[in-house]
Structure formats: structure tokens, C-alpha cells
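Data block for run.cif (mmCIF, C-alpha atoms):
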```cif
data_model
loop_
_atom_site.group_PDB
_atom_site.id
_atom_site.type_symbol
_atom_site.label_atom_id
_atom_site.label_comp_id
_atom_site.auth_asym_id
_atom_site.auth_seq_id
_atom_site.Cartn_x
_atom_site.Cartn_y
_atom_site.Cartn_z
ATOM 1 C CA MET L 83 -37.866 34.234 24.436
ATOM 2 C CA THR L 84 -37.366 30.648 23.312
ATOM 3 C CA GLU L 85 -36.484 28.193 26.064
ATOM 4 C CA ALA L 86 -33.070 26.555 25.620
ATOM 5 C CA PRO L 87 -33.301 22.915 24.493
ATOM 6 C CA PHE L 88 -32.407 20.077 26.826
ATOM 7 C CA ARG L 89 -29.173 18.761 25.331
ATOM 8 C CA VAL L 90 -28.574 15.010 25.313
ATOM 9 C CA GLY L 91 -25.112 13.835 24.295
ATOM 10 C CA PHE L 92 -24.209 10.257 23.341
ATOM 11 C CA LEU L 93 -20.586 9.163 23.177
ATOM 12 C CA LEU L 94 -20.007 7.513 19.813
ATOM 13 C CA TYR L 95 -16.992 5.260 19.224
ATOM 14 C CA PRO L 96 -15.892 2.435 16.903
ATOM 15 C CA ASN L 97 -17.283 -1.039 17.556
ATOM 16 C CA LEU L 98 -19.978 0.021 19.986
ATOM 17 C CA THR L 99 -23.266 -1.906 20.092
ATOM 18 C CA GLN L 100 -25.651 0.244 18.088
ATOM 19 C CA LEU L 101 -28.794 -0.688 20.040
ATOM 20 C CA ASP L 102 -27.131 0.559 23.227
ATOM 21 C CA LEU L 103 -27.269 3.961 21.543
ATOM 22 C CA THR L 104 -30.188 3.838 19.126
ATOM 23 C CA GLY L 105 -32.651 2.487 21.712
ATOM 24 C CA PRO L 106 -32.373 5.457 24.082
ATOM 25 C CA TRP L 107 -31.819 7.808 21.126
ATOM 26 C CA GLU L 108 -35.305 6.879 19.883
ATOM 27 C CA VAL L 109 -36.775 7.742 23.289
ATOM 28 C CA PHE L 110 -35.004 11.084 23.766
ATOM 29 C CA SER L 111 -35.580 12.163 20.165
ATOM 30 C CA ARG L 112 -39.340 12.013 20.812
ATOM 31 C CA VAL L 113 -39.159 14.699 23.504
ATOM 32 C CA PRO L 114 -39.963 18.043 21.810
ATOM 33 C CA GLN L 115 -37.706 20.022 24.141
ATOM 34 C CA SER L 116 -34.650 17.841 23.517
ATOM 35 C CA GLU L 117 -31.641 18.242 21.222
ATOM 36 C CA VAL L 118 -29.713 15.011 20.711
ATOM 37 C CA HIS L 119 -26.019 14.852 19.754
ATOM 38 C CA LEU L 120 -23.596 12.067 18.784
ATOM 39 C CA VAL L 121 -20.014 12.860 19.732
ATOM 40 C CA TRP L 122 -16.689 11.411 18.647
ATOM 41 C CA LYS L 123 -13.148 12.585 17.902
ATOM 42 C CA ASP L 124 -13.929 13.567 14.316
ATOM 43 C CA MET L 125 -16.914 13.780 11.995
ATOM 44 C CA ASP L 126 -16.212 10.599 10.018
ATOM 45 C CA PRO L 127 -18.867 7.844 10.206
ATOM 46 C CA VAL L 128 -18.235 5.332 12.967
ATOM 47 C CA THR L 129 -18.849 1.615 12.388
ATOM 48 C CA ALA L 130 -20.757 -0.243 15.096
ATOM 49 C CA ASP L 131 -20.033 -3.882 15.980
ATOM 50 C CA GLY L 132 -22.771 -5.159 13.678
ATOM 51 C CA GLY L 133 -21.605 -3.083 10.709
ATOM 52 C CA MET L 134 -24.003 -0.116 10.943
ATOM 53 C CA ARG L 135 -22.277 3.181 10.140
ATOM 54 C CA ILE L 136 -23.290 6.099 12.347
ATOM 55 C CA THR L 137 -22.337 9.712 11.666
ATOM 56 C CA PRO L 138 -21.288 12.009 14.534
ATOM 57 C CA THR L 139 -22.944 15.405 14.901
ATOM 58 C CA ALA L 140 -20.170 16.963 16.994
ATOM 59 C CA THR L 141 -16.584 16.318 18.047
ATOM 60 C CA LEU L 142 -15.121 16.008 21.521
ATOM 61 C CA ALA L 143 -13.528 19.410 20.998
ATOM 62 C CA ASP L 144 -16.602 21.360 19.874
ATOM 63 C CA ALA L 145 -19.471 19.563 21.632
ATOM 64 C CA PRO L 146 -21.768 21.793 23.689
ATOM 65 C CA ALA L 147 -22.275 21.231 27.393
ATOM 66 C CA PHE L 148 -24.836 18.460 27.809
ATOM 67 C CA ASP L 149 -27.684 18.327 30.269
ATOM 68 C CA LEU L 150 -27.635 14.524 30.006
ATOM 69 C CA LEU L 151 -24.528 12.569 29.033
ATOM 70 C CA CYS L 152 -24.907 8.953 27.916
ATOM 71 C CA VAL L 153 -22.197 6.352 27.322
ATOM 72 C CA PRO L 154 -23.244 3.205 25.417
ATOM 73 C CA GLY L 155 -21.380 -0.089 25.595
ATOM 74 C CA GLY L 156 -20.130 -2.712 23.181
ATOM 75 C CA PRO L 157 -16.860 -4.469 22.296
ATOM 76 C CA GLY L 158 -15.186 -1.148 21.463
ATOM 77 C CA GLN L 159 -15.646 -0.105 25.084
ATOM 78 C CA VAL L 160 -12.455 -1.975 25.961
ATOM 79 C CA ALA L 161 -10.256 0.433 23.987
ATOM 80 C CA VAL L 162 -12.151 3.492 25.210
ATOM 81 C CA MET L 163 -11.415 2.586 28.853
ATOM 82 C CA GLU L 164 -7.775 3.421 28.122
ATOM 83 C CA ASP L 165 -8.388 6.474 25.922
ATOM 84 C CA ALA L 166 -7.300 9.474 27.987
ATOM 85 C CA ALA L 167 -8.884 12.028 25.649
ATOM 86 C CA VAL L 168 -12.303 10.394 25.910
ATOM 87 C CA LEU L 169 -12.108 9.910 29.677
ATOM 88 C CA GLU L 170 -11.129 13.565 30.127
ATOM 89 C CA PHE L 171 -14.053 14.613 27.929
ATOM 90 C CA LEU L 172 -16.476 12.596 30.052
ATOM 91 C CA CYS L 173 -15.151 14.080 33.288
ATOM 92 C CA ARG L 174 -15.354 17.583 31.841
ATOM 93 C CA GLN L 175 -18.944 17.091 30.689
ATOM 94 C CA ALA L 176 -19.913 15.473 33.994
ATOM 95 C CA GLU L 177 -18.910 18.615 35.876
ATOM 96 C CA THR L 178 -21.983 20.458 34.582
ATOM 97 C CA ALA L 179 -24.352 17.712 33.358
ATOM 98 C CA SER L 180 -27.533 17.236 35.348
ATOM 99 C CA TYR L 181 -27.476 13.517 34.541
ATOM 100 C CA VAL L 182 -24.589 11.143 33.770
ATOM 101 C CA THR L 183 -25.812 7.868 32.306
ATOM 102 C CA SER L 184 -24.766 4.660 30.609
ATOM 103 C CA VAL L 185 -26.084 1.576 28.874
ATOM 104 C CA CYS L 186 -24.611 -1.931 29.110
ATOM 105 C CA THR L 187 -20.805 -1.903 29.446
ATOM 106 C CA GLY L 188 -20.799 1.857 29.012
ATOM 107 C CA SER L 189 -20.805 1.868 32.817
ATOM 108 C CA LEU L 190 -17.294 0.376 32.712
ATOM 109 C CA ILE L 191 -16.141 3.400 30.714
ATOM 110 C CA LEU L 192 -17.656 5.752 33.277
ATOM 111 C CA ALA L 193 -16.068 3.642 36.012
ATOM 112 C CA ALA L 194 -12.657 3.902 34.334
ATOM 113 C CA SER L 195 -13.026 7.689 34.331
ATOM 114 C CA GLY L 196 -13.555 7.647 38.089
ATOM 115 C CA LEU L 197 -17.077 9.053 37.876
ATOM 116 C CA LEU L 198 -18.788 6.031 39.435
ATOM 117 C CA ALA L 199 -16.506 5.433 42.418
ATOM 118 C CA GLY L 200 -18.570 4.633 45.499
ATOM 119 C CA ARG L 201 -21.788 4.417 43.490
ATOM 120 C CA ARG L 202 -24.154 1.680 42.355
ATOM 121 C CA ALA L 203 -24.478 0.800 38.679
ATOM 122 C CA ALA L 204 -25.899 -1.680 36.198
ATOM 123 C CA CYS L 205 -23.998 -3.405 33.405
ATOM 124 C CA HIS L 206 -24.332 -6.342 31.010
ATOM 125 C CA TRP L 207 -24.680 -9.531 33.067
ATOM 126 C CA ALA L 208 -21.508 -11.087 31.659
ATOM 127 C CA SER L 209 -19.283 -8.181 32.735
ATOM 128 C CA ARG L 210 -21.191 -6.712 35.672
ATOM 129 C CA ASP L 211 -18.716 -8.015 38.253
ATOM 130 C CA GLN L 212 -15.905 -5.975 36.692
ATOM 131 C CA LEU L 213 -17.464 -2.786 38.075
ATOM 132 C CA SER L 214 -16.180 -3.758 41.514
ATOM 133 C CA LEU L 215 -12.596 -3.322 40.264
ATOM 134 C CA PHE L 216 -13.295 0.427 40.193
ATOM 135 C CA GLY L 217 -14.966 0.689 43.573
ATOM 136 C CA VAL L 218 -18.454 0.534 42.049
ATOM 137 C CA THR L 219 -21.223 -1.654 43.468
ATOM 138 C CA PRO L 220 -22.640 -3.897 40.695
ATOM 139 C CA VAL L 221 -26.430 -4.218 40.706
ATOM 140 C CA ALA L 222 -28.376 -6.865 38.770
ATOM 141 C CA ALA L 223 -31.196 -4.645 37.510
ATOM 142 C CA ARG L 224 -32.533 -3.248 34.247
ATOM 143 C CA VAL L 225 -32.126 0.312 35.538
ATOM 144 C CA VAL L 226 -30.132 1.610 38.502
ATOM 145 C CA GLU L 227 -30.520 5.162 39.805
ATOM 146 C CA ASP L 228 -27.924 6.674 42.124
ATOM 147 C CA GLY L 229 -28.560 10.390 42.390
ATOM 148 C CA ARG L 230 -27.870 12.022 39.043
ATOM 149 C CA PHE L 231 -26.251 8.822 37.783
ATOM 150 C CA ILE L 232 -28.540 6.412 35.920
ATOM 151 C CA SER L 233 -27.350 3.183 34.301
ATOM 152 C CA GLY L 234 -29.086 0.605 32.168
ATOM 153 C CA GLY L 235 -28.264 -3.092 32.030
ATOM 154 C CA GLY L 236 -27.437 -4.970 28.845
ATOM 155 C CA VAL L 237 -28.341 -3.561 25.409
ATOM 156 C CA THR L 238 -32.163 -3.564 25.368
ATOM 157 C CA ALA L 239 -32.273 -2.061 28.869
ATOM 158 C CA GLY L 240 -31.225 1.201 27.223
ATOM 159 C CA ILE L 241 -34.856 1.828 26.311
ATOM 160 C CA ASP L 242 -35.922 1.253 29.918
ATOM 161 C CA PHE L 243 -33.223 3.593 31.223
ATOM 162 C CA ALA L 244 -34.217 6.341 28.787
ATOM 163 C CA LEU L 245 -37.887 6.111 29.753
ATOM 164 C CA VAL L 246 -36.940 6.327 33.444
ATOM 165 C CA ALA L 247 -34.799 9.391 32.698
ATOM 166 C CA VAL L 248 -37.602 11.052 30.723
ATOM 167 C CA ALA L 249 -39.995 10.422 33.613
ATOM 168 C CA ARG L 250 -37.591 12.093 36.036
ATOM 169 C CA ILE L 251 -37.028 15.113 33.812
ATOM 170 C CA TRP L 252 -40.389 15.671 32.114
ATOM 171 C CA GLY L 253 -42.792 13.543 34.143
ATOM 172 C CA GLU L 254 -44.316 10.077 33.928
ATOM 173 C CA GLU L 255 -47.107 11.079 31.562
ATOM 174 C CA ILE L 256 -44.605 12.204 28.915
ATOM 175 C CA ALA L 257 -42.578 9.016 29.408
ATOM 176 C CA GLN L 258 -45.660 6.846 29.119
ATOM 177 C CA ALA L 259 -46.780 8.695 25.998
ATOM 178 C CA ILE L 260 -43.402 8.008 24.398
ATOM 179 C CA GLN L 261 -43.584 4.361 25.439
ATOM 180 C CA LEU L 262 -47.015 4.075 23.830
ATOM 181 C CA SER L 263 -45.970 5.910 20.664
ATOM 182 C CA MET L 264 -43.085 3.436 20.296
ATOM 183 C CA GLU L 265 -45.389 0.496 21.130
ATOM 184 C CA TYR L 266 -42.740 -0.570 23.611
ATOM 185 C CA ASP L 267 -44.638 -3.528 25.043
ATOM 186 C CA PRO L 268 -42.061 -6.333 25.302
ATOM 187 C CA ALA L 269 -43.332 -9.881 25.099
ATOM 188 C CA PRO L 270 -40.296 -11.994 24.162
ATOM 189 C CA PRO L 271 -40.908 -15.476 22.752
ATOM 190 C CA TRP L 272 -38.827 -17.059 25.545
ATOM 191 C CA PRO L 273 -37.759 -15.976 29.046
ATOM 192 C CA ALA L 274 -34.136 -16.341 27.961
ATOM 193 C CA GLY L 275 -33.011 -12.734 28.294
ATOM 194 C CA SER L 276 -30.947 -13.333 31.418
ATOM 195 C CA PRO L 277 -28.987 -16.238 32.903
ATOM 196 C CA GLY L 278 -31.747 -16.650 35.456
ATOM 197 C CA GLY L 279 -34.346 -17.382 32.787
ATOM 198 C CA ALA L 280 -32.349 -18.981 29.993
ATOM 199 C CA PRO L 281 -31.889 -22.771 29.848
ATOM 200 C CA ALA L 282 -28.601 -23.872 31.366
ATOM 201 C CA ALA L 283 -27.356 -25.164 28.012
ATOM 202 C CA VAL L 284 -28.022 -21.799 26.355
ATOM 203 C CA THR L 285 -26.276 -19.899 29.132
ATOM 204 C CA ALA L 286 -23.285 -22.225 28.871
ATOM 205 C CA ARG L 287 -23.149 -21.802 25.098
ATOM 206 C CA VAL L 288 -23.224 -18.002 25.241
ATOM 207 C CA THR L 289 -20.752 -17.841 28.103
ATOM 208 C CA GLU L 290 -18.320 -20.135 26.272
ATOM 209 C CA ALA L 291 -18.604 -18.074 23.090
ATOM 210 C CA MET L 292 -17.748 -14.892 24.992
ATOM 211 C CA ALA L 293 -15.063 -16.359 27.252
ATOM 212 C CA GLY L 294 -12.014 -15.181 25.315
ATOM 213 C CA PHE L 295 -13.266 -11.650 24.874
ATOM 214 C CA LEU L 296 -14.471 -11.407 28.477
ATOM 215 C CA GLU L 297 -11.001 -12.368 29.680
ATOM 216 C CA HIS L 298 -9.505 -9.651 27.475
ATOM 217 C CA ARG L 299 -12.024 -7.129 28.818
ATOM 218 C CA ARG L 300 -11.134 -8.095 32.377
ATOM 219 C CA GLU L 301 -7.404 -7.667 31.704
ATOM 220 C CA VAL L 302 -8.021 -4.161 30.411
ATOM 221 C CA SER L 303 -10.397 -3.389 33.287
ATOM 222 C CA VAL L 304 -7.741 -4.405 35.793
ATOM 223 C CA ARG L 305 -5.176 -2.226 34.039
ATOM 224 C CA ALA L 306 -7.579 0.727 33.846
ATOM 225 C CA ALA L 307 -8.480 0.340 37.517
ATOM 226 C CA ARG L 308 -4.802 0.406 38.516
ATOM 227 C CA ARG L 309 -4.238 3.502 36.384
ATOM 228 C CA LEU L 310 -7.211 5.209 38.029
ATOM 229 C CA ALA L 311 -5.973 4.273 41.510
ATOM 230 C CA ASP L 312 -2.505 5.658 40.725
ATOM 231 C CA ARG L 313 -4.018 8.895 39.419
ATOM 232 C CA GLU L 314 -6.194 9.419 42.475
ATOM 233 C CA GLY L 315 -3.638 8.140 44.972
#
```
The structure in this file should be written as C-alpha cells.
Amino acid sequence: MTEAPFRVGFLLYPNLTQLDLTGPWEVFSRVPQSEVHLVWKDMDPVTADGGMRITPTATLADAPAFDLLCVPGGPGQVAVMEDAAVLEFLCRQAETASYVTSVCTGSLILAASGLLAGRRAACHWASRDQLSLFGVTPVAARVVEDGRFISGGGVTAGIDFALVAVARIWGEEIAQAIQLSMEYDPAPPWPAGSPGGAPAAVTARVTEAMAGFLEHRREVSVRAARRLADREG
């Protein structure tokens, strides 16, 4: 009798950051026992924030129950925080999933669904503080584990999160073999991947460029947090 595959499901939505998804996808797709799905409302290709078009493999209505659910982040996350159909789907999947995970600002979507209340989570550095609006403890780390909930920090941390998840599920040797097969051996040209390492002028430039959008994200986060509080109160 063939053993059932370990089903990994990624939420797909317009204007997400593709590397939030494709980084961990690459890791999980290298596990022989895994079956990886991309889920959205319909089967039409979805356009990521950089223009890449990604095709769903299942819809919210017909997706199988996932063993591991993953929510990526990106600019489109703002709209998803107020999408009742998506939030209900996540809560429904989380009831039976062994692992509920996120990358970057995907943790804000999980927070808006109520799934992270009272837990610790990672997020992109520029929006990490918004987790506290939902009763979530923000943690400045590449990967945060809180029971069956695992979250990755900004964008590239999705690869780290996926390797940690693989190690928990299939063992460190399998995770290390995948890391080696991908030649995942980061050696960035500058230590500018976080505000703590980037020059002050660079941090100021990036922060200024994102200021308008971050304010919009915060407004929606506040609204979503109030809606969640009303629902649970």
C-alpha cells in the first residue's frame, strides 16, 4: 500500500512577493514524499508584485486538506487581510494541518484570521510591529517556531523556514541534503540585509520609499484587528 503524500499548500493571491512562495516551494518540492499545491479562488494565473504569473493548482473550494499550510507575504497581503473567504479557508485548513506557517508579511494574514493570537511570530522588519495589533508577539528572527506554527522573516527567510520545517518533519539529514542540493550557502556582498547591518543612509532611503505603503498597511491592520476583536468578543 502506497503511503499518502505529505501535502503542502501555499496560498496564492494577486500581488504577492513571488520569492516568499518560490523559495520555500523549491525546498518542499525536493522532498520525495511531498505533494505541493498552489491555492487561490480560481484557476486563472495570478500576477505577483514583480510581474511573474503563477498558475494555481487548486481552488479554495476544492483544495485537499493540507499537512502544512503556508501563507506568503507581499503588497497584496493588505487586501487579503480583509478577505473573509480567504480567512475562513485558512481557519478551516488550520483545524487539521499539522503545521501552519508563513513567510514575511504572510504572518499578518494569519494574525488577521485569529490563528496567531497569543503566539510569537516573525515578519518583515518594516511591518513586524503590526503583529502586536492582533495580540501576537513580534520576534526579530529569521525563523520563529511556536508549537505547530512556524514563521519566516522577510522574503529570503522563506528558504530558512522551509529547511527548518523539513528538519522537523523528515529529519536534519534530509534538510541538509536539500540545502546542499540547492547550494544554499548565502554569502551576500554586503551585510545590508537588515536595518542592523545596513548603512544608516540606506535604511533611511528604503524606509522613506516604503513610508506611504506602510502607513496604508497599518491602517488596514488596525481595521482588521478591530474586526477580529469584534468577532471574538
Protein and nucleic acid residues near (-21.5, -1.5, 19.4) (cut-off 10 Å, only C-alpha atoms) as a PDB file with C-alpha atoms, in the frame of the given file:
```pdb
ATOM      1  CA  LEU L  94     -20.007   7.513  19.813  1.00  0.00           C
ATOM      2  CA  TYR L  95     -16.992   5.260  19.224  1.00  0.00           C
ATOM      3  CA  PRO L  96     -15.892   2.435  16.903  1.00  0.00           C
ATOM      4  CA  ASN L  97     -17.283  -1.039  17.556  1.00  0.00           C
ATOM      5  CA  LEU L  98     -19.978   0.021  19.986  1.00  0.00           C
ATOM      6  CA  THR L  99     -23.266  -1.906  20.092  1.00  0.00           C
ATOM      7  CA  GLN L 100     -25.651   0.244  18.088  1.00  0.00           C
ATOM      8  CA  LEU L 101     -28.794  -0.688  20.040  1.00  0.00           C
ATOM      9  CA  ASP L 102     -27.131   0.559  23.227  1.00  0.00           C
ATOM     10  CA  LEU L 103     -27.269   3.961  21.543  1.00  0.00           C
ATOM     11  CA  VAL L 128     -18.235   5.332  12.967  1.00  0.00           C
ATOM     12  CA  THR L 129     -18.849   1.615  12.388  1.00  0.00           C
ATOM     13  CA  ALA L 130     -20.757  -0.243  15.096  1.00  0.00           C
ATOM     14  CA  ASP L 131     -20.033  -3.882  15.980  1.00  0.00           C
ATOM     15  CA  GLY L 132     -22.771  -5.159  13.678  1.00  0.00           C
ATOM     16  CA  GLY L 133     -21.605  -3.083  10.709  1.00  0.00           C
ATOM     17  CA  MET L 134     -24.003  -0.116  10.943  1.00  0.00           C
ATOM     18  CA  PRO L 154     -23.244   3.205  25.417  1.00  0.00           C
ATOM     19  CA  GLY L 155     -21.380  -0.089  25.595  1.00  0.00           C
ATOM     20  CA  GLY L 156     -20.130  -2.712  23.181  1.00  0.00           C
ATOM     21  CA  PRO L 157     -16.860  -4.469  22.296  1.00  0.00           C
ATOM     22  CA  GLY L 158     -15.186  -1.148  21.463  1.00  0.00           C
ATOM     23  CA  GLN L 159     -15.646  -0.105  25.084  1.00  0.00           C
ATOM     24  CA  VAL L 237     -28.341  -3.561  25.409  1.00  0.00           C
TER      25      VAL L 237
END
```
Long-range neighbours of stretch 246-254 of chain L as a list in words, 9 Å cut-off, only C-alpha atoms, 5 positions minimum in chain: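 So, after excluding close chain neighbours, the residues are Val109, Phe110, Val113, Tyr181, Val225, Ile232, Ile241 and Ala259 of chain L.
Residue nearest L:Asp124 within the list L:Leu215, L:Leu142, L:Val153, L:Ala274: L:Leu142 [criterion: smallest interatomic distance, only C-alpha atoms].
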Evaluate the PyMOL selection byres ((chain L and resi 216) around 10) and report residues as a ChimeraX atom specification: /L:190,192-201,212-215,217-219,303-304,306-308,310-311
Chain and number of each residue from the PyMOL selection byres ((chain L and resi 262-270) around 12), as a list in words: Gly105, Pro106, Glu108, Val109, Phe110, Ser111, Arg112, Val113, Thr238, Ala239, Ile241, Asp242, Leu245, Glu255, Ile256, Ala257, Gln258, Ala259, Ile260, Gln261, Pro271, Trp272, Pro273, Ala274, Gly275, Ser276 and Gly279 of chain L
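Between atom CA of L:His206 and atom CA of L:Gly235 lies a distance of 5.2 Å.
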Explicit residues for the PyMOL selection byres ((chain L and resi 171) around 12) (as a count of residues only): 34
Atomic distance atom CA of L:Pro127 - atom CA of L:Leu150, expressed in Å with one decimal: 22.7 Å
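The interatomic distance for the pair atom CA of L:Ala204 and atom CA of L:Arg313 works out to 24.5 Å.
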Which of L:Val160, L:Ile136, L:Val118, L:Cys205 sits closest to L:Arg305 [using all atoms listed in the file]: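 Of L:Val160, L:Ile136, L:Val118, L:Cys205, the one nearest L:Arg305 is L:Val160, counting all atoms listed in the file.
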Which residue of L:Ala140, L:Ala161, L:Val182, L:Leu296 approaches L:Arg210 most closely, using all atoms listed in the file: L:Leu296
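Among the candidates L:Thr104, L:Ser233, L:Arg202, L:Glu164, the one nearest to L:Val302 when counting all atoms listed in the file is L:Glu164.
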Shortest interatomic distance to L:Thr183 - which of L:Arg299, L:Arg309, L:Arg224, L:Arg230, counting only C-alpha atoms: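 Result for the nearest residue to L:Thr183: L:Arg230.
Shortest separation to L:Pro87 among L:Asp126, L:Gly315, L:Asp149, L:Gly229 occurs at residue L:Asp149, atoms counted being all atoms listed in the file.
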